[in-house]
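This is target.txt. It holds compact mmCIF, C-alpha atoms.
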# COMPACT_ATOMS: atom_id res chain seq x y z
CA VAL A 1 -23.41 10.51 -30.86
CA GLU A 2 -21.95 7.92 -28.47
CA TRP A 3 -19.98 10.66 -26.76
CA GLU A 4 -23.04 12.83 -26.17
CA GLN A 5 -24.97 9.86 -24.76
CA GLY A 6 -22.20 8.99 -22.33
CA ASN A 7 -21.37 5.68 -23.99
CA TRP A 8 -17.68 6.00 -23.19
CA ALA A 9 -16.61 2.53 -24.32
CA GLU A 10 -18.16 3.00 -27.75
CA ALA A 11 -16.81 6.53 -28.00
CA HIS A 12 -13.36 5.25 -27.02
CA ALA A 13 -13.46 2.67 -29.81
CA SER A 14 -14.53 5.30 -32.36
CA TRP A 15 -11.83 7.80 -31.36
CA ARG A 16 -9.19 5.08 -31.32
CA GLN A 17 -10.14 4.09 -34.88
CA ALA A 18 -10.04 7.73 -35.97
CA ASP A 19 -6.58 8.11 -34.41
CA GLU A 20 -5.24 5.08 -36.27
CA THR A 21 -6.72 6.37 -39.52
CA LEU A 22 -5.30 9.90 -39.23
CA LYS A 23 -1.83 8.55 -38.47
CA ARG A 24 -1.67 7.37 -42.08
CA TYR A 25 -2.62 10.72 -43.64
CA GLN A 26 -0.32 13.58 -44.48
CA ALA A 27 -0.52 16.18 -47.22
CA PRO A 28 2.51 17.04 -49.36
CA SER A 29 5.10 18.94 -47.34
CA ARG A 30 4.63 22.05 -49.52
CA ASP A 31 0.93 22.17 -48.64
CA GLU A 32 1.24 23.73 -45.20
CA SER A 33 -2.42 24.68 -44.85
CA ALA A 34 -3.59 21.13 -45.55
CA ASN A 35 -1.12 19.64 -43.08
CA LYS A 36 -2.14 22.19 -40.47
CA LEU A 37 -5.75 21.15 -40.89
CA ILE A 38 -4.83 17.47 -40.55
CA PHE A 39 -2.78 18.14 -37.42
CA GLU A 40 -5.61 20.15 -35.86
CA LEU A 41 -8.11 17.39 -36.64
CA HIS A 42 -5.79 14.70 -35.29
CA ALA A 43 -5.13 16.70 -32.12
CA ALA A 44 -8.88 17.07 -31.56
CA VAL A 45 -9.33 13.33 -31.96
CA LEU A 46 -6.50 12.62 -29.53
CA LYS A 47 -7.95 14.96 -26.91
CA ASN A 48 -11.32 13.23 -27.20
CA LEU A 49 -9.62 9.84 -27.03
CA SER A 50 -7.79 10.92 -23.89
CA GLN A 51 -11.04 12.11 -22.33
CA ALA A 52 -12.75 8.80 -23.13
CA CYS A 53 -9.83 6.93 -21.52
CA ILE A 54 -10.14 9.14 -18.42
CA LYS A 55 -13.84 8.35 -18.14
CA LEU A 56 -13.03 4.64 -18.39
CA GLY A 57 -10.12 4.84 -15.94
CA HIS A 58 -7.53 3.92 -18.58
CA TRP A 59 -4.99 6.34 -17.17
CA SER A 60 -1.88 5.27 -19.07
CA ASP A 61 -3.72 5.36 -22.41
CA ALA A 62 -5.19 8.74 -21.47
CA LEU A 63 -1.70 10.07 -20.77
CA GLU A 64 -0.33 8.71 -24.04
CA ALA A 65 -3.13 10.29 -26.08
CA ALA A 66 -2.78 13.64 -24.30
CA GLU A 67 0.97 13.73 -24.86
CA SER A 68 0.49 12.91 -28.55
CA ALA A 69 -1.97 15.80 -28.81
CA ILE A 70 0.56 18.11 -27.15
CA GLU A 71 3.19 17.09 -29.70
CA LEU A 72 0.85 18.27 -32.44
CA GLN A 73 -0.33 21.40 -30.61
CA PRO A 74 2.04 22.35 -27.77
CA ASP A 75 -0.04 25.40 -26.76
CA ASP A 76 -3.39 23.63 -26.50
CA HIS A 77 -4.67 24.09 -22.95
CA LYS A 78 -7.17 21.23 -23.24
CA ALA A 79 -4.43 18.76 -24.15
CA TRP A 80 -2.43 19.84 -21.10
CA PHE A 81 -5.53 19.58 -18.93
CA ARG A 82 -6.14 16.02 -20.15
CA LYS A 83 -2.53 15.23 -19.28
CA ALA A 84 -2.99 16.64 -15.78
CA CYS A 85 -6.10 14.50 -15.24
CA ALA A 86 -4.32 11.38 -16.47
CA LEU A 87 -1.30 12.01 -14.23
CA GLU A 88 -3.63 12.50 -11.27
CA GLY A 89 -5.26 9.15 -12.01
CA ILE A 90 -1.88 7.44 -12.13
CA GLY A 91 -0.89 9.07 -8.85
CA ARG A 92 1.90 11.30 -10.19
CA PHE A 93 0.62 14.38 -8.39
CA ASP A 94 3.68 16.62 -8.75
CA GLU A 95 3.72 16.11 -12.52
CA ALA A 96 -0.02 16.77 -12.62
CA GLU A 97 0.60 20.10 -10.88
CA GLU A 98 3.24 20.96 -13.50
CA ALA A 99 0.76 20.16 -16.28
CA LEU A 100 -1.83 22.45 -14.65
CA GLN A 101 0.75 25.22 -14.65
CA GLN A 102 1.10 24.71 -18.40
CA VAL A 103 -2.69 24.98 -18.74
CA ASP A 104 -2.63 28.39 -17.01
CA GLU A 105 0.19 29.60 -19.25
CA CYS A 106 -1.59 28.45 -22.41
CA ALA A 107 -4.78 30.22 -21.29
CA VAL A 108 -3.11 33.65 -21.13
CA GLY A 109 -4.87 35.97 -23.57
CA ARG A 110 -7.85 33.67 -24.11
CA ALA A 111 -11.36 35.01 -23.74
CA ASP A 112 -12.27 32.08 -21.49
CA ARG A 113 -9.21 32.39 -19.27
CA GLU A 114 -11.27 32.82 -16.10
CA ARG A 115 -13.19 29.61 -16.75
CA VAL A 116 -9.96 27.75 -17.46
CA SER A 117 -8.48 29.14 -14.24
CA ARG A 118 -11.48 27.88 -12.25
CA ASP A 119 -10.98 24.43 -13.74
CA THR A 120 -7.29 24.32 -12.83
CA GLN A 121 -7.96 25.57 -9.30
CA ALA A 122 -10.59 22.87 -8.80
CA ARG A 123 -8.13 20.26 -10.01
CA ARG A 124 -5.44 21.57 -7.66
CA ALA A 125 -7.88 21.20 -4.78
CA ARG A 126 -8.30 17.54 -5.77
CA LEU A 127 -4.53 17.09 -5.78
CA ARG A 128 -4.29 18.55 -2.27
CA THR A 129 -6.98 16.13 -1.10
CA HIS A 130 -5.07 13.19 -2.58
CA ARG A 131 -1.86 14.27 -0.83
CA GLU A 132 -3.65 14.70 2.50
CA LYS A 133 -5.14 11.21 2.19
CA GLU A 134 -1.70 9.76 1.45
CA GLU A 135 -0.24 11.48 4.49
CA ALA A 136 -3.10 10.28 6.71
CA THR A 137 -2.62 6.71 5.44
CA GLY A 138 1.10 6.91 6.21
CA ARG A 139 0.40 8.10 9.75
CA ARG A 140 -2.11 5.30 10.35
CA MET A 141 0.39 2.71 9.12
CA LEU A 142 3.03 4.15 11.43
CA ASP A 143 0.65 4.11 14.40
CA ARG A 144 -0.22 0.47 13.77
CA ALA A 145 3.47 -0.40 13.50
CA VAL A 146 4.18 1.33 16.81
CA GLN A 147 1.24 -0.38 18.54
CA SER A 148 2.33 -3.79 17.27
CA GLY A 149 5.81 -3.28 18.72
CA VAL A 150 7.70 -3.09 15.44
CA PHE A 151 9.83 -0.29 16.88
CA GLY A 152 9.77 -1.52 20.49
CA SER A 153 12.19 -3.47 22.67
CA SER A 154 10.54 -6.81 21.87
CA ARG A 155 12.06 -6.73 18.41
CA ASP A 156 15.51 -6.03 19.87
CA ASP A 157 15.04 -8.91 22.32
CA LYS A 158 14.13 -11.24 19.46
CA LEU A 159 17.21 -10.18 17.51
CA ALA A 160 19.37 -10.71 20.60
CA GLN A 161 17.95 -14.21 21.04
CA ASP A 162 18.64 -15.02 17.41
CA GLU A 163 22.23 -13.85 17.79
CA THR A 164 22.71 -15.91 20.95
CA GLY A 165 21.25 -19.06 19.45
CA SER A 166 23.07 -18.74 16.15
CA ASN A 167 26.31 -20.07 17.72
CA GLU A 168 24.79 -23.38 18.85
CA LEU A 169 25.79 -26.42 16.80
CA PRO A 170 23.53 -29.38 16.05
CA LYS A 171 24.61 -32.74 17.49
CA GLY A 172 27.29 -34.43 15.42
CA ASP A 173 28.43 -31.20 13.83
CA THR A 174 32.00 -30.60 14.97
CA LYS A 175 32.65 -27.52 12.86
CA LYS A 176 32.57 -24.29 14.77
CA LYS A 177 30.57 -21.47 13.32
CA PRO A 178 32.16 -18.03 13.32
CA LYS A 179 30.97 -15.80 16.11
CA PRO A 180 28.85 -12.88 15.04
CA LEU A 181 30.54 -9.54 15.10
CA GLN A 182 29.80 -7.84 18.40
CA LEU A 183 29.45 -4.10 18.13
CA PRO A 184 29.67 -1.80 21.12
CA GLU A 185 26.21 -0.93 22.36
CA ASP A 186 26.76 2.79 21.82
CA THR A 187 27.38 2.24 18.06
CA ARG A 188 24.00 0.59 17.47
CA LYS A 189 21.24 2.86 16.26
CA LYS A 190 17.71 2.01 17.38
CA LEU A 191 14.67 3.28 15.51
CA THR A 192 12.22 4.51 18.13
CA ALA A 193 8.60 5.49 17.57
CA GLU A 194 9.59 9.16 17.76
CA GLY A 195 12.40 8.62 15.30
CA ALA A 196 10.05 6.77 12.96
CA GLN A 197 7.62 9.69 13.02
CA ASP A 198 10.46 12.08 12.10
CA LEU A 199 11.52 9.74 9.29
CA LEU A 200 7.98 9.61 7.91
CA GLN A 201 7.77 13.40 7.92
CA GLU A 202 11.09 13.66 6.06
CA LEU A 203 9.98 11.11 3.46
CA THR A 204 6.65 12.90 3.00
CA ALA A 205 8.40 16.22 2.48
CA ALA A 206 10.94 14.77 0.01
Give the structure from this file in structure tokens form.
Amino acid sequence: VEWEQGNWAEAHASWRQADETLKRYQAPSRDESANKLIFELHAAVLKNLSQACIKLGHWSDALEAAESAIELQPDDHKAWFRKACALEGIGRFDEAEEALQQVDECAVGRADRERVSRDTQARRARLRTHREKEEATGRRMLDRAVQSGVFGSSRDDKLAQDETGSNELPKGDTKKKPKPLQLPEDTRKKLTAEGAQDLLQELTAA
């Protein structure tokens, strides 16, 4: 009832209680049909628990419940889909894509395969949007860094001043400080704005 009315917090509490209860039940090992029924019921509870966690933004709990459901029913496409949604919420987009691939494989031969495929394609579109936003954020951060002179000559000048002043001794201090190691200018590598852009692209592609 709570689930149908959209009361996710109450539904979450109910499914969590059902999960804890079913963990304690198991039929005799010789009774395969009874154990199968218990596993199917527990998997259904775990999938609903995962969905409630997703609605509430409890991504880690959603992932844990989905993975527990997959342990009970490895070929359940809904359990894999819940896992994909949870991984997306956490920000593990590559793993979410892998979970969606599992959904497609589990849906082979199902009567509702086309509907399942539409769901996975819609979720993949969301993942692409997330990646594009991350890339745009990285570019904006790089632009701000370039504009503020992080990669400019002013930073090199400041470092040079620090090196020059580091050899000065306070009054009364007779101990000489070791001179900093002077490297030939051609051995120093400077990170330019262009080089930083290339680095960002390499990190994004990694």
- Message: Using all atoms listed in the file, which protein or nucleic acid residues come within 9 Å of stretch 97-100 of chain A? Drop anything in the same chain fewer than 5 positions from it, and give the result as a VMD selection string.
- Response: chain A and resid 77 80 to 85 87 to 88 92 105 120 to 121 123 to 124 127
Using all atoms listed in the file, find each residue of stretch 68-163 of chain A with at least one atom at most 8 Å away from an atom of stretch 37-54 of chain A; report its shortest atom-to-atom pair and that distance in Å (one decimal), sort the rows by chain and rising residue number, and return the result as JSON lines.
{"residue": "A:Ser68", "atom": "CA", "partner": "A:Leu46", "partner_atom": "CA", "distance": 7.1}
{"residue": "A:Ala69", "atom": "CA", "partner": "A:Ala43", "partner_atom": "CA", "distance": 4.7}
{"residue": "A:Ile70", "atom": "CA", "partner": "A:Ala43", "partner_atom": "CA", "distance": 7.7}
{"residue": "A:Leu72", "atom": "CA", "partner": "A:Phe39", "partner_atom": "CA", "distance": 6.2}
{"residue": "A:Gln73", "atom": "CA", "partner": "A:Ala43", "partner_atom": "CA", "distance": 6.9}
{"residue": "A:Lys78", "atom": "CA", "partner": "A:Lys47", "partner_atom": "CA", "distance": 7.3}
{"residue": "A:Ala79", "atom": "CA", "partner": "A:Lys47", "partner_atom": "CA", "distance": 5.9}
{"residue": "A:Arg82", "atom": "CA", "partner": "A:Ser50", "partner_atom": "CA", "distance": 6.5}
{"residue": "A:Cys85", "atom": "CA", "partner": "A:Ile54", "partner_atom": "CA", "distance": 7.4}
{"residue": "A:Ala86", "atom": "CA", "partner": "A:Ile54", "partner_atom": "CA", "distance": 6.5}
- Task: Select, from A:Ala136, A:Ala65, A:Ala125, A:Val116, the residue with the minimum atom-to-atom distance to A:Arg16, counting all atoms listed in the file.
- Result: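 Smallest distance to A:Arg16 is found for A:Ala65.
The closest residue to A:Glu134, picked from A:Asp119, A:Ser148, A:Phe93, A:Ala18 and counting all atoms listed in the file, is A:Phe93.
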